[in-house]
>>> print(open('structure-v9.cif').read())   # mmCIF, C-alpha atoms and all ligand atoms
data_final
loop_
_atom_site.label_atom_id
_atom_site.label_comp_id
_atom_site.auth_asym_id
_atom_site.auth_seq_id
_atom_site.Cartn_x
_atom_site.Cartn_y
_atom_site.Cartn_z
CA MET H 1084 -15.47 -7.08 -20.76
CA SER H 1085 -12.00 -6.89 -22.24
CA VAL H 1086 -9.17 -5.56 -20.09
CA TYR H 1087 -8.81 -2.57 -22.43
CA ASP H 1088 -12.40 -1.52 -21.76
CA LYS H 1089 -12.23 -1.69 -17.99
CA PRO H 1090 -12.53 1.68 -16.24
CA ASP H 1091 -9.32 0.96 -14.29
CA PHE H 1092 -7.28 0.29 -17.42
CA ASP H 1093 -4.87 3.22 -17.65
CA GLY H 1094 -2.71 2.41 -20.65
CA HIS H 1095 -1.04 -0.41 -18.74
CA GLU H 1096 1.99 -1.69 -20.64
CA CYS H 1097 1.26 -5.34 -20.01
CA VAL H 1098 -1.28 -7.52 -18.26
CA GLN H 1099 -0.27 -11.15 -18.09
CA PHE H 1100 -2.61 -13.97 -17.10
CA ILE H 1101 -0.90 -17.07 -15.76
CA THR H 1102 -2.49 -20.47 -15.37
CA ASP H 1103 -0.71 -23.69 -14.57
CA ARG H 1104 -2.70 -26.91 -14.45
CA ALA H 1105 -0.03 -28.92 -12.64
CA SER H 1106 0.23 -26.62 -9.63
CA GLY H 1107 -3.22 -25.05 -9.95
CA LEU H 1108 -1.76 -21.54 -10.00
CA LYS H 1109 -3.91 -18.72 -11.29
CA ALA H 1110 -2.21 -15.35 -11.20
CA ILE H 1111 -2.18 -11.98 -12.92
CA ILE H 1112 0.87 -9.75 -13.33
CA ALA H 1113 0.01 -6.17 -14.28
CA ILE H 1114 2.73 -3.78 -15.39
CA HIS H 1115 1.43 -0.24 -15.41
CA SER H 1116 4.56 1.64 -16.39
CA THR H 1117 8.28 1.07 -16.78
CA ALA H 1118 9.05 4.70 -17.66
CA LEU H 1119 11.05 5.22 -14.46
CA GLY H 1120 12.56 1.73 -14.30
CA PRO H 1121 11.51 -1.89 -13.86
CA ALA H 1122 7.95 -2.19 -12.59
CA ALA H 1123 8.03 -3.04 -8.89
CA GLY H 1124 5.22 -3.97 -6.54
CA GLY H 1125 4.25 -6.79 -4.26
CA CYS H 1126 2.35 -10.00 -4.83
CA ARG H 1127 -1.09 -10.25 -3.23
CA ALA H 1128 -2.61 -13.66 -2.56
CA TRP H 1129 -6.36 -13.25 -2.10
CA GLN H 1130 -9.63 -15.06 -2.50
CA TYR H 1131 -11.43 -12.82 -4.99
CA LEU H 1132 -15.18 -12.89 -5.45
CA SER H 1133 -14.65 -13.12 -9.23
CA GLN H 1134 -11.90 -13.02 -11.85
CA GLU H 1135 -13.15 -9.58 -12.82
CA ALA H 1136 -12.45 -8.39 -9.28
CA ALA H 1137 -8.92 -9.81 -9.44
CA VAL H 1138 -8.20 -8.02 -12.74
CA THR H 1139 -9.53 -4.75 -11.34
CA ASP H 1140 -7.38 -5.13 -8.25
CA ALA H 1141 -4.25 -5.85 -10.32
CA LEU H 1142 -4.91 -2.86 -12.57
CA ARG H 1143 -5.54 -0.44 -9.70
CA LEU H 1144 -2.71 -1.70 -7.52
CA SER H 1145 -0.14 -1.57 -10.33
CA GLN H 1146 -1.14 1.99 -11.23
CA GLY H 1147 -0.86 2.92 -7.56
CA MET H 1148 2.67 1.45 -7.51
CA SER H 1149 3.68 3.65 -10.45
CA PHE H 1150 2.46 6.71 -8.59
CA LYS H 1151 3.99 5.57 -5.30
CA ASN H 1152 7.41 4.87 -6.79
CA ALA H 1153 7.39 8.15 -8.71
CA LEU H 1154 6.63 10.28 -5.65
CA ALA H 1155 9.07 8.28 -3.54
CA GLY H 1156 11.82 9.25 -5.98
CA LEU H 1157 12.66 5.63 -6.78
CA PRO H 1158 14.08 4.47 -10.12
CA LEU H 1159 11.17 2.06 -10.45
CA GLY H 1160 7.99 1.81 -12.44
CA GLY H 1161 4.77 0.29 -11.17
CA GLY H 1162 3.55 -3.27 -11.27
CA LYS H 1163 1.68 -5.72 -9.10
CA ALA H 1164 0.85 -9.40 -9.06
CA VAL H 1165 -2.21 -11.10 -7.66
CA ILE H 1166 -2.54 -14.80 -6.99
CA LEU H 1167 -6.16 -15.96 -7.05
CA LEU H 1168 -6.74 -18.29 -4.11
CA SER H 1169 -9.29 -21.03 -4.26
CA HIS H 1170 -11.14 -22.15 -1.13
CA GLY H 1171 -9.15 -19.56 0.86
CA LEU H 1172 -6.08 -21.82 1.00
CA PRO H 1173 -2.67 -20.12 0.85
CA PRO H 1174 -0.55 -20.70 -2.27
CA THR H 1175 1.54 -23.88 -2.27
CA VAL H 1176 5.30 -24.19 -2.77
CA ALA H 1177 4.67 -25.44 -6.31
CA GLN H 1178 2.49 -22.41 -7.06
CA PHE H 1179 5.12 -19.96 -5.80
CA ALA H 1180 7.70 -21.82 -7.92
CA THR H 1181 5.53 -21.44 -11.04
CA PHE H 1182 4.95 -17.82 -10.16
CA GLY H 1183 8.74 -17.30 -9.87
CA ARG H 1184 9.28 -18.83 -13.31
CA ALA H 1185 6.59 -16.60 -14.81
CA ILE H 1186 8.32 -13.53 -13.37
CA ASN H 1187 11.62 -14.73 -14.76
CA GLU H 1188 10.15 -14.91 -18.25
CA LEU H 1189 9.45 -11.18 -18.02
CA GLN H 1190 13.25 -10.72 -17.89
CA GLY H 1191 13.26 -7.99 -15.27
CA ARG H 1192 10.32 -5.90 -16.41
CA TYR H 1193 8.59 -6.78 -13.13
CA ILE H 1194 10.10 -7.18 -9.65
CA THR H 1195 7.97 -8.79 -6.97
CA ALA H 1196 7.90 -8.72 -3.15
CA GLU H 1197 5.42 -9.33 -0.31
CA ASP H 1198 1.91 -7.94 -0.05
CA VAL H 1199 -1.26 -9.10 1.66
CA GLY H 1200 -1.20 -12.89 1.95
CA THR H 1201 2.49 -13.40 1.13
CA ARG H 1202 5.50 -13.54 3.44
CA VAL H 1203 9.30 -13.55 3.41
CA VAL H 1204 9.38 -17.38 3.25
CA ASP H 1205 7.18 -17.28 0.14
CA MET H 1206 9.51 -14.82 -1.58
CA GLN H 1207 12.41 -17.10 -0.74
CA ILE H 1208 10.70 -19.84 -2.75
CA VAL H 1209 10.13 -17.39 -5.62
CA ALA H 1210 13.83 -16.45 -5.42
CA ARG H 1211 14.84 -20.00 -6.31
CA HIS H 1212 13.34 -19.38 -9.76
CA THR H 1213 14.07 -15.75 -10.47
CA LYS H 1214 16.37 -12.98 -9.34
CA PHE H 1215 13.63 -10.39 -9.89
CA VAL H 1216 12.33 -10.57 -6.34
CA SER H 1217 12.99 -8.62 -3.16
CA GLY H 1218 11.84 -8.63 0.47
CA LEU H 1219 14.18 -11.54 1.29
CA THR H 1220 16.33 -11.97 4.38
CA PRO H 1221 18.80 -9.06 4.45
CA GLY H 1222 22.47 -9.24 5.41
CA GLU H 1223 23.59 -7.87 8.79
CA GLY H 1224 22.95 -4.10 9.00
CA ARG H 1225 21.56 -4.00 5.44
CA ALA H 1226 18.15 -2.70 4.49
CA GLY H 1227 15.62 -5.31 3.45
CA GLY H 1228 13.51 -8.22 4.65
CA ASP H 1229 9.85 -7.93 5.57
CA PRO H 1230 8.82 -4.44 4.36
CA SER H 1231 5.83 -4.12 6.73
CA PRO H 1232 7.60 -2.41 9.67
CA LYS H 1233 9.04 0.15 7.24
CA THR H 1234 5.62 0.75 5.76
CA ALA H 1235 4.26 1.27 9.26
CA LEU H 1236 7.04 3.73 10.08
CA GLY H 1237 6.26 5.84 7.02
CA VAL H 1238 2.54 5.84 7.83
CA PHE H 1239 3.30 6.80 11.43
CA LEU H 1240 5.56 9.72 10.40
CA GLY H 1241 3.01 10.84 7.81
CA MET H 1242 0.25 10.66 10.40
CA ARG H 1243 2.23 12.77 12.84
CA THR H 1244 2.65 15.42 10.14
CA ALA H 1245 -1.01 15.27 9.08
CA TRP H 1246 -2.08 15.62 12.71
CA ARG H 1247 0.27 18.58 13.23
CA LEU H 1248 -1.11 20.29 10.13
CA LYS H 1249 -4.66 19.66 11.32
CA SER H 1250 -4.42 20.27 15.07
CA GLY H 1251 -1.16 22.12 15.67
CA GLN H 1252 -0.01 19.31 17.98
CA GLU H 1253 3.63 18.25 17.54
CA SER H 1254 3.06 14.65 18.54
CA LEU H 1255 0.35 12.00 18.48
CA ARG H 1256 0.31 11.82 22.27
CA ASN H 1257 -3.31 11.61 23.44
CA ALA H 1258 -4.56 11.55 19.85
CA ARG H 1259 -7.36 9.01 19.39
CA VAL H 1260 -6.61 6.74 16.44
CA ALA H 1261 -8.79 4.03 14.90
CA VAL H 1262 -6.81 1.32 13.12
CA GLN H 1263 -8.70 -0.92 10.69
CA GLY H 1264 -6.74 -4.15 10.28
CA CYS H 1265 -4.10 -5.36 12.76
CA GLY H 1266 -2.06 -7.40 10.29
CA SER H 1267 1.63 -6.96 9.50
CA VAL H 1268 1.49 -3.18 8.94
CA GLY H 1269 -1.45 -2.35 11.22
CA TRP H 1270 0.14 -4.16 14.14
CA ALA H 1271 3.51 -2.38 13.72
CA LEU H 1272 1.64 0.92 13.41
CA CYS H 1273 -0.31 0.22 16.62
CA ARG H 1274 2.96 -0.38 18.41
CA LEU H 1275 4.45 2.95 17.25
CA LEU H 1276 1.26 4.80 18.17
CA HIS H 1277 1.10 3.14 21.57
CA GLU H 1278 4.74 4.08 22.25
CA GLU H 1279 3.94 7.69 21.32
CA GLY H 1280 1.03 7.78 23.80
CA ALA H 1281 -1.89 7.72 21.34
CA SER H 1282 -5.07 5.96 22.40
CA LEU H 1283 -6.19 3.20 20.08
CA VAL H 1284 -9.41 1.70 18.79
CA VAL H 1285 -8.90 -1.35 16.60
CA ALA H 1286 -10.87 -3.72 14.41
CA ASP H 1287 -9.92 -6.86 12.55
CA VAL H 1288 -11.92 -9.69 11.05
CA ALA H 1289 -9.53 -12.01 12.90
CA PRO H 1290 -10.70 -11.88 16.56
CA ASP H 1291 -7.35 -13.03 17.97
CA ARG H 1292 -5.61 -9.95 16.51
CA VAL H 1293 -8.07 -7.68 18.28
CA ALA H 1294 -7.69 -9.55 21.57
CA GLN H 1295 -3.90 -9.23 21.33
CA ALA H 1296 -4.13 -5.50 20.62
CA GLU H 1297 -6.40 -5.04 23.62
CA GLN H 1298 -3.88 -6.83 25.79
CA GLU H 1299 -0.68 -5.34 24.42
CA PHE H 1300 -1.69 -1.77 23.60
CA GLY H 1301 -4.71 -1.24 25.85
CA ALA H 1302 -6.72 -0.74 22.66
CA ALA H 1303 -10.51 -0.51 22.63
CA ARG H 1304 -12.31 -2.67 20.08
CA ALA H 1305 -14.80 -1.73 17.40
CA SER H 1306 -16.60 -3.92 14.92
CA ALA H 1307 -15.12 -4.18 11.42
CA ASP H 1308 -18.23 -2.35 10.13
CA GLU H 1309 -18.05 0.54 12.57
CA ILE H 1310 -14.35 1.22 12.97
CA LEU H 1311 -14.22 3.93 10.30
CA SER H 1312 -16.99 5.94 11.93
CA SER H 1313 -15.51 5.70 15.43
CA ASP H 1314 -15.42 8.84 17.54
CA VAL H 1315 -11.67 9.44 17.05
CA ASP H 1316 -9.30 12.10 15.69
CA ILE H 1317 -7.62 9.93 13.06
CA VAL H 1318 -8.68 6.91 11.06
CA ALA H 1319 -6.00 4.54 9.71
CA PRO H 1320 -7.28 2.05 7.12
CA CYS H 1321 -4.72 -0.78 7.19
CA ALA H 1322 -6.71 -3.67 5.71
CA MET H 1323 -8.10 -3.70 2.20
CA GLY H 1324 -8.78 -1.04 -0.45
CA GLY H 1325 -11.99 0.70 -1.48
CA VAL H 1326 -13.04 1.39 2.11
CA LEU H 1327 -13.79 5.10 1.66
CA ASP H 1328 -16.95 5.61 -0.36
CA GLU H 1329 -19.59 8.30 -0.27
CA ALA H 1330 -21.53 6.81 2.65
CA ARG H 1331 -18.49 6.03 4.77
CA ILE H 1332 -17.02 9.48 4.16
CA GLU H 1333 -20.31 11.00 5.26
CA ALA H 1334 -20.16 8.93 8.45
CA LEU H 1335 -16.55 9.82 9.32
CA ARG H 1336 -16.04 11.59 12.63
CA ALA H 1337 -12.24 11.81 12.37
CA SER H 1338 -10.56 14.88 10.88
CA VAL H 1339 -7.58 12.97 9.43
CA VAL H 1340 -7.40 9.79 7.36
CA CYS H 1341 -3.91 8.31 7.17
CA GLY H 1342 -3.32 4.59 6.74
CA ALA H 1343 -1.40 1.91 4.90
CA ALA H 1344 -4.08 0.25 2.78
CA ASN H 1345 -3.61 0.69 -0.95
CA ASN H 1346 -6.44 2.28 -2.95
CA GLN H 1347 -8.45 3.46 0.03
CA LEU H 1348 -10.67 5.68 -2.13
CA SER H 1349 -13.37 3.73 -3.85
CA ASP H 1350 -13.67 6.35 -6.56
CA PRO H 1351 -11.44 9.34 -7.49
CA GLU H 1352 -14.26 11.72 -6.48
CA ASP H 1353 -13.96 10.49 -2.90
CA GLY H 1354 -10.87 12.70 -2.56
CA GLU H 1355 -13.04 15.74 -3.19
CA ARG H 1356 -15.71 14.39 -0.83
CA LEU H 1357 -13.12 14.19 1.95
CA ARG H 1358 -11.97 17.74 1.25
CA ALA H 1359 -15.54 18.99 1.27
CA ARG H 1360 -15.94 17.49 4.75
CA ASP H 1361 -12.68 19.17 5.84
CA VAL H 1362 -10.99 15.83 6.41
CA LEU H 1363 -7.25 15.83 5.75
CA TYR H 1364 -6.61 12.78 3.60
CA ALA H 1365 -2.98 11.63 3.47
CA PRO H 1366 -2.84 9.92 0.05
CA ASP H 1367 -2.27 6.21 0.70
CA TYR H 1368 0.57 5.70 -1.74
CA VAL H 1369 2.44 8.71 -0.39
CA VAL H 1370 2.51 7.59 3.24
CA ASN H 1371 2.77 3.83 2.67
CA ALA H 1372 5.95 4.04 0.55
CA GLY H 1373 8.32 2.97 3.35
CA GLY H 1374 7.99 -0.69 2.39
CA ILE H 1375 8.84 -0.21 -1.28
CA MET H 1376 11.76 2.01 -0.26
CA ALA H 1377 13.10 -0.95 1.72
CA VAL H 1378 12.39 -3.35 -1.13
CA ALA H 1379 14.19 -1.06 -3.58
CA MET H 1380 17.28 -0.62 -1.39
CA GLU H 1381 17.51 -4.35 -0.89
CA TYR H 1382 17.01 -5.07 -4.58
CA PHE H 1383 19.65 -2.63 -5.75
CA GLY H 1384 21.96 -3.84 -2.97
CA ALA H 1385 22.69 -0.29 -1.90
CA GLY H 1386 21.71 0.94 1.50
CA SER H 1387 22.07 0.56 5.22
CA GLU H 1388 19.25 0.64 7.75
CA ARG H 1389 20.28 4.25 8.57
CA GLU H 1390 20.01 5.33 4.91
CA LEU H 1391 16.63 3.67 4.64
CA ARG H 1392 15.41 5.48 7.76
CA ASN H 1393 16.56 8.81 6.22
CA LYS H 1394 14.64 8.01 3.05
CA ILE H 1395 11.48 7.14 4.99
CA GLU H 1396 11.84 10.38 6.95
CA GLY H 1397 11.33 12.17 3.63
CA ILE H 1398 7.70 10.99 3.48
CA PRO H 1399 6.37 13.79 5.75
CA HIS H 1400 8.01 16.39 3.48
CA THR H 1401 6.32 14.96 0.40
CA LEU H 1402 3.00 14.92 2.25
CA SER H 1403 3.37 18.53 3.47
CA HIS H 1404 4.20 19.64 -0.06
CA ILE H 1405 1.04 17.97 -1.40
CA VAL H 1406 -1.12 19.41 1.39
CA ASP H 1407 0.28 22.91 0.73
CA ILE H 1408 -0.56 22.73 -2.97
CA ALA H 1409 -3.99 21.25 -2.27
CA SER H 1410 -4.87 24.01 0.20
CA SER H 1411 -3.68 26.79 -2.05
CA GLU H 1412 -5.58 25.36 -5.03
CA ARG H 1413 -8.58 24.23 -2.96
CA SER H 1414 -8.29 20.81 -4.47
CA ALA H 1415 -8.17 17.28 -3.09
CA THR H 1416 -4.83 15.97 -1.80
CA SER H 1417 -5.41 12.77 -3.78
CA ALA H 1418 -5.84 14.71 -7.02
CA VAL H 1419 -2.67 16.74 -6.38
CA ALA H 1420 -0.66 13.58 -5.61
CA ASP H 1421 -1.92 11.87 -8.79
CA ARG H 1422 -1.06 14.91 -10.89
CA LEU H 1423 2.48 15.22 -9.48
CA ALA H 1424 3.10 11.51 -9.95
CA ARG H 1425 1.76 11.48 -13.50
CA SER H 1426 3.96 14.40 -14.43
CA ILE H 1427 7.12 12.66 -13.12
CA ILE H 1428 6.21 9.51 -15.07
CA HIS H 1429 5.34 11.47 -18.18
CA GLU H 1430 8.66 13.35 -18.16
CA ALA H 1431 10.61 10.11 -17.70
CA GLY H 1432 8.65 8.50 -20.53
CA ALA H 1433 9.30 11.47 -22.81
CA ALA H 1434 13.02 11.45 -21.96
CA ARG H 1435 13.16 7.72 -22.70
CA ALA H 1436 11.44 8.22 -26.05
CA MET H 1437 14.02 10.87 -27.00
CA ALA H 1438 17.00 8.71 -26.02
P1 LIG B 1501 -1.98 -8.33 6.29
O1 LIG B 1501 -2.65 -9.38 5.50
O2 LIG B 1501 -0.81 -8.72 7.13
O3 LIG B 1501 -3.02 -7.62 7.26
C1 LIG B 1501 -4.31 -7.25 6.89
C2 LIG B 1501 -5.17 -7.38 8.15
O4 LIG B 1501 -6.45 -6.82 7.86
C3 LIG B 1501 -5.38 -8.83 8.58
O5 LIG B 1501 -5.15 -8.95 9.97
C4 LIG B 1501 -6.86 -9.09 8.22
O6 LIG B 1501 -7.47 -10.02 9.09
C5 LIG B 1501 -7.43 -7.71 8.38
N1 LIG B 1501 -8.67 -7.46 7.62
C6 LIG B 1501 -9.03 -7.91 6.41
N2 LIG B 1501 -10.24 -7.42 6.06
C7 LIG B 1501 -10.64 -6.65 7.10
C8 LIG B 1501 -11.79 -5.85 7.35
N3 LIG B 1501 -12.79 -5.76 6.48
N4 LIG B 1501 -11.87 -5.18 8.52
C9 LIG B 1501 -10.88 -5.25 9.43
N5 LIG B 1501 -9.76 -5.99 9.24
C10 LIG B 1501 -9.65 -6.67 8.10
O7 LIG B 1501 -1.59 -7.16 5.27
P2 LIG B 1501 -0.53 -5.99 5.46
O8 LIG B 1501 0.75 -6.38 4.83
O9 LIG B 1501 -0.56 -5.53 6.86
O10 LIG B 1501 -1.16 -4.86 4.50
C11 LIG B 1501 -2.27 -4.09 4.91
C12 LIG B 1501 -2.59 -3.07 3.81
O11 LIG B 1501 -1.47 -2.23 3.60
C13 LIG B 1501 -2.92 -3.68 2.45
O12 LIG B 1501 -3.88 -2.90 1.79
C14 LIG B 1501 -1.59 -3.60 1.70
O13 LIG B 1501 -1.76 -3.56 0.30
C15 LIG B 1501 -1.08 -2.27 2.23
N6 LIG B 1501 0.35 -2.16 2.12
C16 LIG B 1501 1.16 -3.07 2.72
C17 LIG B 1501 2.54 -2.94 2.62
C18 LIG B 1501 3.46 -3.86 3.35
O14 LIG B 1501 4.65 -3.51 3.48
N7 LIG B 1501 3.01 -5.00 3.84
C19 LIG B 1501 3.15 -1.86 1.83
C20 LIG B 1501 2.19 -0.89 1.32
C21 LIG B 1501 0.85 -1.07 1.44
#
>>> encode(input="structure-v9.cif", output="structure tokens", more="lines below")
Ligand code: NAI
Amino acid sequence: MSVYDKPDFDGHECVQFITDRASGLKAIIAIHSTALGPAAGGCRAWQYLSQEAAVTDALRLSQGMSFKNALAGLPLGGGKAVILLSHGLPPTVAQFATFGRAINELQGRYITAEDVGTRVVDMQIVARHTKFVSGLTPGEGRAGGDPSPKTALGVFLGMRTAWRLKSGQESLRNARVAVQGCGSVGWALCRLLHEEGASLVVADVAPDRVAQAEQEFGAARASADEILSSDVDIVAPCAMGGVLDEARIEALRASVVCGAANNQLSDPEDGERLRARDVLYAPDYVVNAGGIMAVAMEYFGAGSERELRNKIEGIPHTLSHIVDIASSERSATSAVADRLARSIIHEAGAARAMA
């Protein structure tokens, strides 16, 4: 099937396939929109089941970045890169170098950073070959570096707001939260929740992460299959996308879903399914925007840690606004968020066309 015919193709401006025999790199860079500015979004390194799956992921993730950046009020469009791993091995230095050169050839239309499977040290290799990269080591007191703790902070603040809207409680103290995935973001989120006095249930496919969370946060463990249907107040998907489908939504016992994972809904109708079950869904790209806010401040070289914190503290306001509209219209929060984001992008595109 051609890219144009894929259900997740949404008028993407550019989808670039990169192969390099010498280093063995296989990667895809998808640019969804540059209406608001250069397309920004992280680079995911993942062992996909098929090339089709990698293309779908790149298309969906880059669209999500457009929406995320629009609602975060950033002068950035949406893009994403995926590196296709073979045999589960992480990308090599030579592969990151080739990837950096490929980004450079796009002359600033796409800016990369970390995502699942890539770290600050990897972006430092990319930075030797292009300036269109962020998530590097920041200067003293400056915003930047690993975006994961900032992503976790935004999710945490969004979750507190979602829980207040749902339960009337001002804090997450004593709230029971199930966290799926204790990686960079999930771990930082667990820490914030633990400090607030929430009780945690965690799952990860990496057993050592679960053991550490048990030890450090007094978390209970659930299997990776069962975590989403745990008997908790809030579920926080912080691993991979597509985890909320019809069956899993039916099995949910939580009344709030608020997590970091991109593209949590397997299908747009899942937003309506969550609403029908009276589950407050905090749209993923609304609450997980803290990381890209950090990446953007670092990239544009403008912003202190304090300014970044202020920006992240705006996430709960955006979420409340979306929830208000959704309740008054009796529509899904995900649909409202998509509509608001599309309208911001559309207006910017129209203004650009007029200029
Ligand atoms: P990570 O790779 O550090 O952590 C993911 C964790 O999930 C790993 O510990 C992995 O073992 C675990 N995992 C994988 N499949 C699982 C499954 N089926 N069940 C339970 N655990 C599973 O990734 P990171 O950076 O923490 O990102 C997590 C999610 O948040 C991703 O969807 C990412 O796209 C999204 N995100 C991350 C941002 C960041 O700043 N790192 C920014 C915005 C979104």
>>> residues_near_ligand(input="structure-v9.cif", ligand="ligand LIG 1501 (chain B)", cutoff="7 Å", atoms="only C-alpha atoms and all ligand atoms", output="PyMOL selection string")
chain H and resi 1197-1200+1230-1234+1263-1269+1286-1289+1292+1307+1321-1324+1343-1345+1371-1372+1374-1375
>>> residues_around(input="structure-v9.cif", residues="Lys1249 (chain H)", least_positions_apart="3", cutoff="10 Å", atoms="only C-alpha atoms", output="VMD selection string")
chain H and resid 1243 to 1246 1252 1316 1338 to 1339 1361 to 1363
>>> residues_around(input="structure-v9.cif", residues="Ala1424 (chain H)", least_positions_apart="5", cutoff="8 Å", atoms="all atoms listed in the file", output="ChimeraX atom specification")
/H:1149-1151,1153-1154
>>> closest_residue(input="structure-v9.cif", among="H:Gly1227, H:Pro1290, H:Pro1174, H:Gly1342", to="Tyr1368 (chain H)", atoms="only C-alpha atoms")
H:Gly1342
>>> closest_residue(input="structure-v9.cif", among="H:Val1378, H:Leu1348, H:Ile1101, H:Ala1123", to="Val1203 (chain H)", atoms="only C-alpha atoms")
H:Val1378
>>> residues_near_point(input="structure-v9.cif", point="(0.5, 2.1, -8.1)", cutoff="9 Å", atoms="only C-alpha atoms", output="ChimeraX atom specification")
/H:1115,1124,1142-1152,1160-1163,1345-1346,1368
>>> closest_residue(input="structure-v9.cif", among="H:Leu1248, H:Val1260, H:Leu1357, H:Ala1271", to="Ile1310 (chain H)", atoms="all atoms listed in the file")
H:Val1260
>>> closest_residue(input="structure-v9.cif", among="H:Gly1156, H:Pro1221, H:Gly1107, H:Gly1373", to="Ser1169 (chain H)", atoms="all atoms listed in the file")
H:Gly1107
>>> residues_near_point(input="structure-v9.cif", point="(12.0, 13.5, 11.4)", cutoff="9 Å", atoms="only C-alpha atoms", output="JSON, numbers by chain")
{"H": [1240, 1393, 1396, 1397, 1399]}
>>> atom_distance(input="structure-v9.cif", atom1="CA of Asp1350 (chain H)", atom2="CA of Phe1100 (chain H)")
25.4 Å
>>> atom_distance(input="structure-v9.cif", atom1="CA of Arg1356 (chain H)", atom2="CA of Thr1416 (chain H)")
11.0 Å
>>> atom_distance(input="structure-v9.cif", atom1="CA of Asp1291 (chain H)", atom2="CA of Ile1332 (chain H)")
28.1 Å
>>> residues_around(input="structure-v9.cif", residues="His1212 (chain H)", least_positions_apart="2", cutoff="12 Å", atoms="only C-alpha atoms", output="list in words")
Val1176, Ala1177, Gln1178, Phe1179, Ala1180, Thr1181, Phe1182, Gly1183, Arg1184, Ala1185, Ile1186, Asn1187, Glu1188, Gln1190, Asp1205, Met1206, Gln1207, Ile1208, Val1209, Ala1210, Lys1214, Phe1215 and Val1216 of chain H
>>> closest_residue(input="structure-v9.cif", among="H:Gly1354, H:Gly1094, H:Pro1366, H:Gly1384", to="Gly1241 (chain H)", atoms="all atoms listed in the file")
H:Pro1366
>>> residues_around(input="structure-v9.cif", residues="Ile1166 (chain H)", least_positions_apart="2", cutoff="10 Å", atoms="only C-alpha atoms", output="ChimeraX atom specification")
/H:1101,1108-1112,1126-1131,1137,1141,1164,1168-1169,1173-1174,1178-1179,1182,1200-1201
